[in-house]
>>> print(open('final_2.cif').read())   # mmCIF, C-alpha atoms
data_protein
#
loop_
_atom_site.label_atom_id
_atom_site.label_comp_id
_atom_site.auth_asym_id
_atom_site.auth_seq_id
_atom_site.Cartn_x
_atom_site.Cartn_y
_atom_site.Cartn_z
CA ARG A 898 -52.11 12.88 -16.63
CA LEU A 899 -49.90 10.56 -14.67
CA LEU A 900 -46.37 11.97 -14.47
CA PHE A 901 -45.69 13.91 -17.66
CA PRO A 902 -47.54 14.97 -20.79
CA SER A 903 -47.70 12.04 -23.17
CA SER A 904 -48.34 11.63 -26.87
CA SER A 905 -50.78 8.79 -26.09
CA PRO A 906 -54.35 9.60 -27.20
CA ARG A 907 -55.73 8.10 -24.00
CA GLU A 908 -56.47 10.68 -21.34
CA MET A 909 -56.59 10.16 -17.61
CA PRO A 910 -59.72 11.29 -15.72
CA GLN A 911 -59.36 14.87 -14.51
CA ARG A 912 -58.62 15.24 -10.81
CA PRO A 913 -59.60 18.19 -8.62
CA LYS A 914 -56.92 20.82 -8.48
CA VAL A 915 -54.91 20.79 -5.28
CA ALA A 916 -52.48 23.25 -3.80
CA ALA A 917 -49.57 20.81 -3.70
CA SER A 918 -47.20 20.87 -6.65
CA SER A 919 -47.52 18.15 -9.27
CA PRO A 920 -45.02 15.26 -9.52
CA LYS A 921 -43.79 16.75 -12.78
CA ARG A 922 -43.20 20.13 -11.17
CA ARG A 923 -41.37 18.52 -8.24
CA LEU A 924 -39.17 16.58 -10.66
CA GLU A 925 -38.44 19.67 -12.75
CA ASP A 926 -37.54 21.62 -9.62
CA ASP A 927 -35.10 18.89 -8.58
CA THR A 928 -31.80 19.80 -10.23
CA SER A 929 -30.57 16.22 -9.79
CA ILE A 930 -33.06 15.01 -12.43
CA SER A 931 -31.18 15.22 -15.73
CA GLY A 932 -32.73 15.49 -19.15
CA ALA A 933 -31.84 11.88 -19.82
CA LYS A 934 -33.71 10.76 -16.71
CA MET A 935 -36.72 12.87 -17.65
CA ARG A 936 -36.76 11.26 -21.10
CA TYR A 937 -36.46 7.82 -19.50
CA LEU A 938 -39.50 8.51 -17.33
CA GLU A 939 -41.50 9.90 -20.25
CA GLU A 940 -40.59 7.16 -22.73
CA LYS A 941 -40.27 4.07 -20.52
CA VAL A 942 -42.17 4.56 -17.27
CA ASN A 943 -45.12 6.74 -18.27
CA PRO A 944 -46.61 4.37 -20.89
CA VAL A 945 -46.64 1.46 -18.42
CA LEU A 946 -48.12 3.49 -15.60
CA GLN A 947 -50.79 5.06 -17.78
CA GLU A 948 -52.02 1.69 -19.03
CA MET A 949 -51.92 0.18 -15.56
CA VAL A 950 -53.81 3.05 -13.93
CA MET A 951 -56.46 3.03 -16.67
CA SER A 952 -57.02 -0.68 -15.98
CA LEU A 953 -57.05 0.01 -12.25
CA LEU A 954 -59.72 2.70 -12.59
CA THR A 955 -61.79 0.47 -14.85
CA VAL A 956 -61.94 -2.30 -12.24
CA CYS A 957 -61.51 -0.33 -8.99
CA PRO A 958 -60.35 -3.44 -7.09
CA GLU A 959 -60.47 -3.79 -3.31
CA ASP A 960 -56.73 -4.57 -3.20
CA PRO A 961 -54.98 -2.15 -5.62
CA PRO A 962 -51.38 -3.33 -4.97
CA LYS A 963 -52.29 -6.97 -5.66
CA PHE A 964 -54.22 -5.94 -8.78
CA MET A 965 -51.28 -3.88 -10.10
CA LEU A 966 -48.82 -6.70 -9.48
CA ARG A 967 -51.04 -9.20 -11.30
CA TRP A 968 -51.61 -6.70 -14.12
CA LEU A 969 -47.85 -6.33 -14.62
CA LEU A 970 -47.48 -10.11 -14.74
CA GLU A 971 -50.35 -10.72 -17.14
CA GLN A 972 -50.23 -7.72 -19.52
CA GLU A 973 -49.00 -8.32 -23.09
CA MET A 974 -47.99 -4.78 -24.12
CA PHE A 975 -44.64 -4.59 -22.33
CA ASP A 976 -41.70 -6.92 -21.75
CA ARG A 977 -42.17 -9.04 -18.60
CA ALA A 978 -38.56 -10.28 -18.56
CA GLY A 979 -39.70 -13.90 -18.58
CA ILE A 980 -41.92 -13.55 -15.49
CA ASP A 981 -45.44 -14.68 -16.37
CA SER A 982 -47.03 -15.36 -12.99
CA LEU A 983 -46.85 -14.69 -9.27
CA GLU A 984 -45.17 -18.07 -8.96
CA ASP A 985 -42.49 -16.98 -11.41
CA ALA A 986 -41.96 -13.78 -9.45
CA ALA A 987 -41.70 -15.73 -6.18
CA ARG A 988 -39.20 -18.13 -7.76
CA GLU A 989 -37.09 -15.25 -9.07
CA GLN A 990 -37.14 -13.64 -5.63
CA ARG A 991 -36.01 -16.89 -4.01
CA GLU A 992 -33.14 -17.10 -6.47
CA ILE A 993 -32.16 -13.51 -5.72
CA ASP A 994 -32.27 -14.19 -1.97
CA ALA A 995 -30.11 -17.28 -2.44
CA LEU A 996 -27.58 -15.32 -4.49
CA ARG A 997 -27.44 -12.61 -1.82
CA LYS A 998 -26.71 -15.24 0.82
CA GLU A 999 -23.98 -16.72 -1.37
CA VAL A 1000 -22.43 -13.28 -1.86
CA SER A 1001 -22.43 -12.74 1.91
CA ARG A 1002 -20.81 -16.15 2.45
CA LEU A 1003 -18.11 -15.41 -0.12
CA LYS A 1004 -17.41 -12.03 1.45
CA ARG A 1005 -16.92 -13.68 4.85
CA LEU A 1006 -14.65 -16.30 3.26
CA LYS A 1007 -12.66 -13.57 1.51
CA ALA A 1008 -12.16 -11.72 4.80
CA GLN A 1009 -10.95 -14.92 6.48
CA MET A 1010 -8.55 -15.67 3.62
CA LYS A 1011 -7.15 -12.13 3.76
CA VAL A 1012 -6.40 -12.53 7.47
CA HIS A 1013 -4.77 -15.90 6.83
CA LEU A 1014 -2.72 -14.48 3.93
CA ALA A 1015 -1.54 -11.53 6.03
CA GLN A 1016 -0.37 -13.94 8.73
CA LYS A 1017 1.49 -16.08 6.20
CA VAL A 1018 3.13 -13.03 4.62
CA ALA A 1019 4.26 -11.77 8.03
CA GLU A 1020 5.67 -15.21 8.90
CA GLU A 1021 7.54 -15.48 5.59
CA ARG A 1022 9.02 -11.98 5.85
CA LYS A 1023 10.13 -12.67 9.41
CA LYS A 1024 11.70 -15.98 8.32
CA ARG A 1025 13.70 -14.15 5.65
CA GLY A 1026 14.75 -11.36 7.99
CA LEU A 1027 12.60 -8.75 6.25
CA PRO A 1028 10.78 -6.03 8.20
CA THR A 1029 7.00 -6.24 8.33
CA PRO A 1030 5.65 -2.69 8.16
CA PRO A 1031 2.11 -1.92 9.31
CA PRO A 1032 -0.38 -2.77 6.56
CA LEU A 1033 -1.91 0.01 4.49
CA ASP A 1034 -5.61 0.35 3.84
CA ALA A 1035 -6.91 0.91 0.32
CA LYS A 1036 -7.51 4.63 0.90
CA THR A 1037 -3.92 5.23 2.05
CA VAL A 1038 -2.50 3.22 -0.84
CA GLN A 1039 -4.52 5.28 -3.31
CA LYS A 1040 -3.34 8.50 -1.61
CA ILE A 1041 0.31 7.45 -2.01
CA LYS A 1042 -0.22 6.48 -5.65
CA ASN A 1043 -1.91 9.82 -6.36
CA CYS A 1044 0.95 11.71 -4.68
CA ILE A 1045 3.52 9.92 -6.84
CA LEU A 1046 1.53 10.49 -10.04
CA ARG A 1047 0.97 14.17 -9.25
CA ALA A 1048 4.64 14.70 -8.40
CA ALA A 1049 5.69 12.92 -11.60
CA TYR A 1050 3.41 15.04 -13.79
CA VAL A 1051 5.36 17.77 -15.56
CA GLY A 1052 4.01 19.31 -18.75
CA PHE A 1053 1.74 17.52 -21.17
CA GLU A 1054 3.20 14.02 -21.05
CA GLY A 1055 4.62 14.07 -17.52
CA VAL A 1056 7.52 11.90 -16.36
CA ASP A 1057 8.19 8.31 -17.41
CA LEU A 1058 8.13 6.58 -14.01
CA ALA A 1059 9.82 3.47 -15.35
CA LEU A 1060 12.70 5.57 -16.75
CA LEU A 1061 12.92 7.49 -13.48
CA PHE A 1062 13.22 4.32 -11.41
CA ARG A 1063 15.65 2.70 -13.85
CA ARG A 1064 18.07 5.60 -13.40
CA LEU A 1065 18.35 4.59 -9.75
CA ASP A 1066 18.86 0.93 -10.63
CA LYS A 1067 22.65 0.97 -10.32
CA ASP A 1068 23.22 -2.72 -11.00
CA ARG A 1069 20.75 -2.83 -13.92
CA SER A 1070 18.90 -5.73 -12.32
CA GLY A 1071 15.46 -4.28 -13.06
CA GLU A 1072 14.78 -4.19 -9.33
CA LEU A 1073 15.09 -1.56 -6.61
CA GLU A 1074 15.71 -1.82 -2.90
CA VAL A 1075 13.40 0.04 -0.57
CA ASN A 1076 15.98 2.80 0.04
CA GLU A 1077 16.28 3.35 -3.72
CA VAL A 1078 12.50 3.69 -4.03
CA LYS A 1079 12.57 6.13 -1.13
CA ALA A 1080 15.36 8.11 -2.83
CA ALA A 1081 13.27 8.37 -6.00
CA LEU A 1082 10.30 9.73 -4.08
CA ARG A 1083 12.32 12.09 -1.88
CA ARG A 1084 15.12 13.43 -4.09
CA VAL A 1085 13.64 13.18 -7.57
CA LEU A 1086 9.89 13.59 -7.07
CA ARG A 1087 10.33 15.86 -4.02
CA ILE A 1088 7.65 14.14 -1.95
CA PRO A 1089 8.32 15.14 1.69
CA PRO A 1090 7.98 12.80 4.70
CA ASP A 1091 4.99 14.72 6.04
CA VAL A 1092 3.06 13.79 2.88
CA VAL A 1093 4.22 10.17 2.51
CA PRO A 1094 6.08 8.96 5.64
CA ASP A 1095 8.95 6.46 5.40
CA HIS A 1096 6.91 3.65 6.94
CA GLN A 1097 4.29 4.03 4.19
CA ILE A 1098 6.99 3.74 1.51
CA HIS A 1099 8.23 0.55 3.21
CA ALA A 1100 4.67 -0.79 3.36
CA LEU A 1101 4.05 0.07 -0.30
CA CYS A 1102 7.20 -1.80 -1.32
CA ALA A 1103 6.15 -4.78 0.81
CA ILE A 1104 2.89 -4.97 -1.15
CA VAL A 1105 4.75 -5.13 -4.46
CA ASP A 1106 7.46 -7.49 -3.13
CA THR A 1107 5.41 -10.63 -3.66
CA ASP A 1108 8.41 -12.98 -3.76
CA PHE A 1109 9.85 -11.73 -0.42
CA SER A 1110 13.18 -10.82 -2.03
CA GLY A 1111 13.47 -7.51 -0.22
CA THR A 1112 13.41 -5.67 -3.57
CA VAL A 1113 10.69 -4.55 -5.96
CA ASP A 1114 10.52 -5.14 -9.70
CA ILE A 1115 10.49 -1.77 -11.48
CA GLU A 1116 7.88 -2.75 -14.07
CA GLU A 1117 5.59 -4.21 -11.41
CA LEU A 1118 6.02 -1.13 -9.22
CA VAL A 1119 5.13 1.23 -12.07
CA ALA A 1120 2.14 -0.93 -13.07
CA PHE A 1121 0.94 -0.96 -9.45
CA ILE A 1122 1.26 2.82 -9.12
CA LYS A 1123 -0.60 3.45 -12.38
CA GLY A 1124 -3.17 0.70 -11.83
CA ASP A 1125 -6.71 1.17 -10.58
CA GLY A 1126 -7.73 0.28 -7.05
CA TYR A 1127 -6.18 -1.90 -4.39
CA ASP A 1128 -7.91 -4.60 -2.35
CA ALA A 1129 -6.38 -4.09 1.09
#
>>> encode(input="final_2.cif", output="structure tokens")
Amino acid sequence: RLLFPSSSPREMPQRPKVAASSPKRRLEDDTSISGAKMRYLEEKVNPVLQEMVMSLLTVCPEDPPKFMLRWLLEQEMFDRAGIDSLEDAAREQREIDALRKEVSRLKRLKAQMKVHLAQKVAEERKKRGLPTPPPLDAKTVQKIKNCILRAAYVGFEGVDLALLFRRLDKDRSGELEVNEVKAALRRVLRIPPDVVPDHQIHALCAIVDTDFSGTVDIEELVAFIKGDGYDA
């Protein structure tokens, strides 16, 4: 049999026994192969391979790879995903290659735009007399967010971050200055400087301060801390 026992009545020609373990045994010994993956191979892959190999052994072509490719394109038993010839396959591959090139171009453009944006942000903050802390990478931002969320978690429901920050909003403006954010992290959440240094708090606030006001909106800060990911 090809990979696994199958319910198909068609049998593969018997091969001489060899010392090496069978593909099935190697797959079963691999703990990374889950039951779902084994079922996928048995139900989806095995039927295709069995039919293809039976056809291959019937013809015994000089060029097996070319025969198998053509068989996959011409067979009627399984879904071909709209590819009916070698020309179709070549066209699909060209489209895939073109899309990959476009993705690479867009990634380069994105990197250039990020550099340009960082320069503009630095210029605007300098113009308004705001400090420009060193930028944070995505990993560091996620570390800071995790520290805040862990420190805020008490009991089943944890702490309402918005309520916590609002208590420090003395003028009820809905915004906090950087020192007020730092006070919340240091005095209320007890996050020490050796875990999240002051310059990282300043940098985090600069990320959220999109209007260059020197303050951060409480709702936007909470949403940023609880949100997923950050594109540095």
>>> closest_atom_pairs(input="final_2.cif", of="stretch 1002-1078 of chain A", to="stretch 1088-1106 of chain A", cutoff="7 Å", atoms="all atoms listed in the file", output="tab-separated table")
residue	atom	partner	partner_atom	distance
A:Pro1030	CA	A:Ala1100	CA	5.3
A:Pro1031	CA	A:Ala1100	CA	6.6
A:Pro1032	CA	A:Ala1100	CA	6.3
A:Leu1033	CA	A:Ala1100	CA	6.7
A:Ile1041	CA	A:Val1093	CA	6.6
A:Val1075	CA	A:His1099	CA	6.4
>>> write_last_selection(input="final_2.cif", atoms="C-alpha atoms", output="PDB file, keeping the file's coordinate frame")
ATOM      1  CA  PRO A1030       5.650  -2.690   8.160  1.00  0.00           C
ATOM      2  CA  PRO A1031       2.110  -1.920   9.310  1.00  0.00           C
ATOM      3  CA  PRO A1032      -0.380  -2.770   6.560  1.00  0.00           C
ATOM      4  CA  LEU A1033      -1.910   0.010   4.490  1.00  0.00           C
ATOM      5  CA  ILE A1041       0.310   7.450  -2.010  1.00  0.00           C
ATOM      6  CA  VAL A1075      13.400   0.040  -0.570  1.00  0.00           C
TER       7      VAL A1075
END
>>> residues_near_point(input="final_2.cif", point="(7.8, 5.8, -15.4)", cutoff="10 Å", atoms="only C-alpha atoms", output="ChimeraX atom specification")
/A:1046,1049,1055-1063,1115-1116,1118-1120,1122-1123
>>> resolve_selection(input="final_2.cif", expression="the PyMOL selection byres ((chain A and resi 962-973) around 12)", output="MDAnalysis selection string")
chainID A and resid 945:961 974:987
>>> atom_distance(input="final_2.cif", atom1="atom CA of A:Ala1080", atom2="atom CA of A:Thr1107")
21.2 Å
>>> atom_distance(input="final_2.cif", atom1="atom CA of A:Glu999", atom2="atom CA of A:His1013")
20.9 Å
>>> atom_distance(input="final_2.cif", atom1="atom CA of A:Glu989", atom2="atom CA of A:Arg1002")
20.0 Å
>>> closest_residue(input="final_2.cif", among="A:Gln990, A:Thr1037, A:Ser1110, A:Gln1009", to="A:Glu1072", atoms="only C-alpha atoms")
A:Ser1110
>>> closest_residue(input="final_2.cif", among="A:Gly932, A:Gly1026, A:Gly1124, A:Pro944", to="A:Gly1111", atoms="all atoms listed in the file")
A:Gly1026
>>> closest_residue(input="final_2.cif", among="A:Val1085, A:Val1000, A:Ala1015, A:Val1038", to="A:Asp1125", atoms="all atoms listed in the file")
A:Val1038
>>> axis_aligned_box(input="final_2.cif", around="stretch 1002-1012 of chain A", padding_each_side="6 Å", output="lines of an AutoDock Vina configuration file")
center_x = -13.6
center_y = -14.0
center_z = 3.7
size_x = 26.4
size_y = 16.6
size_z = 19.6
